[in-house]
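What's in work-v2.txt: compact mmCIF, C-alpha atoms
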```
# COMPACT_ATOMS: atom_id res chain seq x y z
CA MET A 10 -129.93 -96.71 160.32
CA PRO A 11 -132.93 -98.67 161.60
CA ASN A 12 -135.08 -100.57 159.07
CA LEU A 13 -138.18 -98.54 158.22
CA PRO A 14 -140.83 -101.27 158.68
CA ASP A 15 -139.27 -102.23 162.04
CA LEU A 16 -139.25 -98.58 163.14
CA ILE A 17 -142.93 -98.19 162.22
CA SER A 18 -143.88 -101.39 164.10
CA TRP A 19 -142.05 -100.07 167.16
CA ILE A 20 -143.70 -96.65 167.02
CA GLU A 21 -147.28 -97.64 166.07
CA PRO A 22 -148.65 -98.73 169.48
CA HIS A 23 -147.69 -95.35 171.02
CA ALA A 24 -147.70 -93.10 167.94
CA ILE A 25 -149.02 -89.90 169.53
CA LEU A 26 -146.81 -90.12 172.61
CA LEU A 27 -143.71 -90.77 170.54
CA ALA A 28 -144.67 -88.01 168.11
CA LEU A 29 -144.32 -85.65 171.08
CA VAL A 30 -141.28 -87.24 172.73
CA LEU A 31 -139.01 -88.25 169.85
CA PRO A 32 -138.34 -84.86 168.16
CA PRO A 33 -136.32 -83.42 171.07
CA LEU A 34 -134.51 -86.75 171.42
CA ILE A 35 -133.70 -86.78 167.70
CA ARG A 36 -132.34 -83.23 167.97
CA VAL A 37 -129.75 -84.62 170.42
CA VAL A 38 -129.05 -88.07 168.90
CA GLY A 39 -130.20 -87.68 165.31
CA HIS A 40 -127.45 -90.00 164.08
CA TRP A 41 -129.38 -92.92 165.64
CA ILE A 42 -132.82 -92.02 164.29
CA PRO A 43 -132.53 -89.65 161.32
CA GLU A 44 -135.25 -87.02 161.37
CA GLU A 45 -136.33 -87.73 157.79
CA LEU A 46 -136.91 -91.40 158.64
CA PHE A 47 -138.96 -90.45 161.69
CA MET A 48 -141.11 -88.03 159.68
CA VAL A 49 -141.73 -90.63 156.97
CA SER A 50 -142.77 -93.07 159.69
CA MET A 51 -145.20 -90.54 161.13
CA GLY A 52 -146.74 -90.14 157.68
CA VAL A 53 -147.23 -93.90 157.41
CA LEU A 54 -148.84 -94.10 160.85
CA ALA A 55 -151.13 -91.16 160.09
CA ALA A 56 -152.25 -92.81 156.84
CA ARG A 57 -152.93 -96.09 158.67
CA SER A 58 -154.89 -94.41 161.47
CA PRO A 59 -158.51 -95.61 161.93
CA THR A 60 -159.95 -92.08 161.74
CA ALA A 61 -159.05 -88.76 160.16
CA GLY A 62 -159.05 -87.21 163.63
CA THR A 63 -156.36 -89.59 164.83
CA ALA A 64 -154.27 -88.90 161.75
CA ALA A 65 -154.56 -85.14 162.32
CA LEU A 66 -153.66 -85.61 165.98
CA ILE A 67 -150.49 -87.54 165.09
CA LEU A 68 -149.33 -84.98 162.54
CA GLY A 69 -150.29 -82.07 164.78
CA ALA A 70 -148.33 -83.60 167.67
CA VAL A 71 -145.28 -83.95 165.40
CA VAL A 72 -145.40 -80.31 164.28
CA LEU A 73 -146.00 -79.06 167.84
CA SER A 74 -143.11 -81.05 169.27
CA GLN A 75 -140.76 -80.05 166.45
CA PHE A 76 -141.74 -76.40 166.86
CA VAL A 77 -141.19 -76.38 170.63
CA THR A 78 -137.86 -78.18 170.20
CA ASP A 79 -136.72 -75.60 167.64
CA GLN A 80 -137.60 -72.76 170.02
CA VAL A 81 -135.50 -74.38 172.75
CA VAL A 82 -132.50 -74.58 170.38
CA TYR A 83 -133.11 -70.94 169.36
CA LEU A 84 -133.20 -69.85 173.02
CA GLY A 85 -130.04 -71.87 173.59
CA GLY A 86 -128.41 -69.77 170.87
CA ARG A 87 -129.49 -66.56 172.61
CA TRP A 88 -128.02 -67.88 175.86
CA LEU A 89 -124.79 -68.73 174.04
CA ARG A 90 -124.34 -65.29 172.46
CA PRO A 91 -122.40 -63.62 175.31
CA ARG A 92 -120.67 -66.91 176.19
CA LEU A 93 -119.75 -68.18 172.71
CA GLY A 94 -116.04 -67.53 173.24
CA ARG A 95 -116.02 -70.18 175.97
CA PHE A 96 -117.02 -72.84 173.43
CA PRO A 97 -114.60 -72.54 170.47
CA ARG A 98 -115.82 -75.73 168.78
CA ILE A 99 -119.43 -74.58 168.81
CA GLU A 100 -118.38 -71.12 167.69
CA ALA A 101 -116.51 -72.61 164.73
CA ARG A 102 -119.49 -74.75 163.74
CA LEU A 103 -121.85 -71.77 163.84
CA ALA A 104 -119.49 -69.27 162.23
CA SER A 105 -120.56 -69.68 158.59
CA VAL A 106 -124.28 -69.41 159.41
CA THR A 107 -123.92 -66.52 161.87
CA ASN A 108 -121.82 -64.61 159.32
CA ARG A 109 -124.48 -65.07 156.66
CA LEU A 110 -127.26 -64.01 159.00
CA THR A 111 -125.29 -60.95 160.14
CA GLU A 112 -124.32 -59.80 156.65
CA THR A 113 -127.69 -60.42 154.96
CA PRO A 114 -130.92 -60.23 157.01
CA GLY A 115 -132.79 -62.10 154.26
CA ALA A 116 -130.46 -65.07 154.72
CA ILE A 117 -132.82 -66.33 157.43
CA LEU A 118 -134.93 -67.76 154.60
CA GLY A 119 -132.15 -70.32 154.28
CA LEU A 120 -133.66 -71.87 157.40
CA VAL A 121 -136.40 -73.38 155.23
CA PRO A 122 -134.21 -75.66 153.06
CA ALA A 123 -131.92 -76.28 156.04
CA ARG A 124 -134.93 -77.44 158.09
CA VAL A 125 -136.40 -79.59 155.32
CA LEU A 126 -133.16 -81.17 154.12
CA PRO A 127 -130.17 -82.39 156.16
CA LEU A 128 -128.32 -79.07 155.85
CA GLY A 129 -127.20 -78.36 159.39
CA ARG A 130 -130.61 -77.77 161.01
CA GLY A 131 -129.23 -77.43 164.51
CA ALA A 132 -126.62 -74.89 163.44
CA TRP A 133 -129.23 -72.73 161.71
CA LEU A 134 -131.63 -72.85 164.66
CA ALA A 135 -128.93 -71.96 167.20
CA ALA A 136 -127.35 -69.32 164.95
CA CYS A 137 -130.67 -67.48 164.68
CA GLY A 138 -130.57 -67.15 168.45
CA VAL A 139 -126.92 -66.15 168.52
CA VAL A 140 -127.46 -63.22 166.13
CA ARG A 141 -130.72 -62.34 167.91
CA VAL A 142 -133.13 -62.74 165.03
CA GLY A 143 -136.48 -61.41 166.31
CA TRP A 144 -138.46 -64.22 167.90
CA MET A 145 -141.70 -63.53 166.00
CA ARG A 146 -139.82 -63.55 162.71
CA PHE A 147 -137.93 -66.69 163.61
CA ALA A 148 -141.06 -68.48 164.79
CA ALA A 149 -143.00 -67.61 161.61
CA ILE A 150 -140.23 -68.82 159.28
CA ASP A 151 -139.60 -71.91 161.39
CA LEU A 152 -143.30 -72.81 161.32
CA ALA A 153 -143.35 -72.41 157.54
CA ALA A 154 -140.26 -74.63 157.29
CA LEU A 155 -141.88 -77.26 159.51
CA ILE A 156 -145.00 -77.35 157.35
CA VAL A 157 -142.86 -77.89 154.24
CA HIS A 158 -140.88 -80.50 156.18
CA LEU A 159 -144.12 -82.29 157.08
CA VAL A 160 -145.48 -82.16 153.54
CA VAL A 161 -142.25 -83.50 152.02
CA TRP A 162 -141.34 -86.33 154.40
CA SER A 163 -144.60 -87.29 156.10
CA GLY A 164 -146.34 -86.77 152.76
CA LEU A 165 -143.95 -89.34 151.29
CA GLY A 166 -144.88 -91.73 154.08
CA TRP A 167 -148.61 -91.16 153.57
CA TRP A 168 -148.36 -91.66 149.81
CA LEU A 169 -146.52 -94.98 150.08
CA ALA A 170 -148.10 -96.28 153.29
CA GLY A 171 -149.63 -99.29 151.54
CA ASP A 172 -146.29 -100.73 150.48
CA LEU A 173 -143.63 -100.58 153.19
CA GLY A 174 -141.03 -102.35 151.04
CA ARG A 175 -141.42 -99.75 148.31
CA LEU A 176 -141.51 -97.08 151.00
CA ALA A 177 -138.15 -98.12 152.42
CA ALA A 178 -136.56 -97.96 148.98
CA SER A 179 -138.20 -94.59 148.28
CA ALA A 180 -137.03 -93.17 151.62
CA ASP A 181 -133.43 -94.12 150.77
CA ALA A 182 -133.81 -92.62 147.31
CA GLY A 183 -135.30 -89.50 148.86
CA ARG A 184 -132.28 -89.01 151.10
CA VAL A 185 -129.93 -89.35 148.11
CA ALA A 186 -132.06 -86.90 146.12
CA GLY A 187 -132.01 -84.53 149.11
CA VAL A 188 -128.21 -84.51 149.13
CA TRP A 189 -128.06 -83.76 145.39
CA LEU A 190 -130.72 -81.06 145.75
CA ALA A 191 -128.74 -79.52 148.61
CA ALA A 192 -125.61 -79.50 146.42
CA ALA A 193 -127.55 -77.84 143.60
CA LEU A 194 -128.95 -75.19 145.95
CA LEU A 195 -125.50 -74.42 147.34
CA THR A 196 -124.13 -74.08 143.80
CA VAL A 197 -126.90 -71.67 142.79
CA ILE A 198 -126.53 -69.62 145.98
CA SER A 199 -122.74 -69.43 145.57
CA THR A 200 -123.12 -68.32 141.95
CA VAL A 201 -125.60 -65.59 142.90
CA VAL A 202 -123.41 -64.34 145.75
CA LEU A 203 -120.35 -64.32 143.50
CA TRP A 204 -122.20 -62.41 140.78
CA ARG A 205 -123.57 -59.83 143.22
CA SER A 206 -120.09 -59.20 144.59
CA ARG A 207 -118.51 -58.86 141.12
CA GLN A 208 -117.88 -55.15 141.58
CA SER A 209 -115.40 -55.96 144.34
CA TRP A 210 -113.64 -58.93 142.74
CA GLN A 211 -113.61 -57.96 139.05
CA PRO A 212 -110.98 -55.17 139.39
CA ARG A 213 -108.70 -57.49 141.37
CA THR A 214 -109.15 -60.24 138.78
CA VAL A 215 -108.32 -57.87 135.91
CA ARG A 216 -105.19 -56.65 137.72
CA THR A 217 -104.10 -60.23 138.39
CA VAL A 218 -104.57 -61.23 134.74
CA ARG A 219 -102.63 -58.16 133.55
CA ARG A 220 -99.77 -58.92 135.93
CA ALA A 221 -99.72 -62.52 134.76
CA GLY A 222 -99.65 -61.33 131.12
CA ARG A 223 -96.74 -58.98 131.79
CA SER A 224 -94.84 -61.75 133.57
CA LEU A 225 -95.34 -64.12 130.63
CA ARG A 226 -94.13 -61.49 128.15
CA TRP A 227 -91.06 -60.82 130.31
CA PHE A 228 -90.21 -64.51 130.47
CA GLY A 229 -90.76 -64.76 126.73
CA ARG A 230 -88.28 -61.98 126.04
CA SER A 231 -85.73 -63.44 128.42
```
Would you mind giving the structure from this file in C-alpha cells?
Amino acid sequence: MPNLPDLISWIEPHAILLALVLPPLIRVVGHWIPEELFMVSMGVLAARSPTAGTAALILGAVVLSQFVTDQVVYLGGRWLRPRLGRFPRIEARLASVTNRLTETPGAILGLVPARVLPLGRGAWLAACGVVRVGWMRFAAIDLAALIVHLVVWSGLGWWLAGDLGRLAASADAGRVAGVWLAAALLTVISTVVLWRSRQSWQPRTVRTVRRAGRSLRWFGRS
C-alpha cells in the first residue's frame, strides 16, 4: 500500500484531473491504490485547497467519476446476464449477491455498506445489473452510497488534513475498524435472516433433537 503523504504529494499538482481519472482505474486495479486511501487523500487535498470553490470542485469531480464508473459496472452486469454461463468464475463470485437480490428486493440497500466499506463493491454493482435492478432505483441508491462514502473517507481526510502523520495512522485504524464493522453487520444480518426463517428450520431442528434423544436412550438401554 502506498504511503499516504507520498500519495497526496503525487496527486496534489493535478488533483481535479486525477479525481476524474483515478476512480475507474481503481475499480480495475484497486489492490494497488485502495479506494479508501484515495478518498482520504481527496479529502486532504480539498481541505488544503486555496478556495472553497476549488475544494467543492475536487469533491464534486470525485463523486461524478465514481458515479459514472459505477454505472459502467452496472451496465456490464446487464450485458453479462444472458452470457453469465460463459464465465463460471464470475458467476460464482456474483452468486451470493445475485441470490440475495433475487430473493429479497430490499436487499439492494446492502449496496450502501458494500460501497462505503470494502465489502465486495464490484460484485454488488455488477450483480445489480445481472438481476436487472431498475436503473433509476440503482442510481438513486448508488448516489446515496457515494455521498456516505465521501462523508466517511474524504471527511476523515478533511478532518485530519493538518497532520499527515496522524492521518496515516488514522487511515490504517479506519480500515481495521471497517473490517470489524463489516463483521458485525454480517453477524446482525445473519441473525435476522435466521430468525425470520425460523418457521422453516425450527420443525427440522425439533425432529433432529428428538431423533438424537431416542438414539441416546437406545444406546443407554443396550
Kindly assemble as CSV a list of the range 61-122 of chain A residues that lie within 12 Å of range 24-39 of chain A, each paired with its nearest atom pair and their distance in Å to one decimal, using all atoms listed in the file, sorted first by chain and then by ascending residue number.
```
residue,atom,partner,partner_atom,distance
A:Gly62,CA,A:Ile25,CA,11.9
A:Thr63,CA,A:Ile25,CA,8.7
A:Ala64,CA,A:Ile25,CA,9.4
A:Ala65,CA,A:Ile25,CA,10.3
A:Leu66,CA,A:Ile25,CA,7.2
A:Ile67,CA,A:Ile25,CA,5.2
A:Leu68,CA,A:Ala28,CA,7.9
A:Gly69,CA,A:Ala28,CA,8.8
A:Ala70,CA,A:Leu29,CA,5.6
A:Val71,CA,A:Ala28,CA,4.9
A:Val72,CA,A:Ala28,CA,8.6
A:Leu73,CA,A:Leu29,CA,7.5
A:Ser74,CA,A:Leu29,CA,5.1
A:Gln75,CA,A:Pro32,CA,5.6
A:Phe76,CA,A:Pro32,CA,9.2
A:Val77,CA,A:Pro33,CA,8.6
A:Thr78,CA,A:Pro33,CA,5.5
A:Asp79,CA,A:Pro33,CA,8.5
A:Gln80,CA,A:Pro33,CA,10.8
A:Val81,CA,A:Pro33,CA,9.2
A:Val82,CA,A:Arg36,CA,9.0
```
Using all atoms listed in the file, which residue out of A:Gly129, A:Pro122, A:Gly86, A:Pro97 lies closest to Val142 in chain A?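 Among A:Gly129, A:Pro122, A:Gly86, A:Pro97, it is A:Gly86 that comes nearest to Val142 in chain A.
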From the set A:Trp144, A:Trp168, A:Trp162, A:Trp88, which residue has the shortest atom-to-atom contact distance to Val49 in chain A, counting only C-alpha atoms? A:Trp162
Could you jot down the CA of Ala135 in chain A to CA of Arg98 in chain A separation for me, Å, one decimal place?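 Separating CA of Ala135 in chain A from CA of Arg98 in chain A is a distance of 13.7 Å.
Using only C-alpha atoms, the smallest distance between any of A:Ile150, A:Glu44, A:Pro59, A:Arg109 and Gly131 in chain A comes from A:Glu44.
Here CA of Phe147 in chain A stands at a distance of 14.8 Å from CA of Thr113 in chain A.
For the pair CA of Ser163 in chain A and CA of Leu126 in chain A, the separation is 13.1 Å.
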With a distance cut-off of 12 Å and only C-alpha atoms, select the neighbouring residues of Asn108 in chain A, excluding the residue or stretch itself and same-chain residues fewer than 3 positions from it, and output the selection as a ChimeraX atom specification. /A:100-105,111-114,116-117,133,136-137,139-140
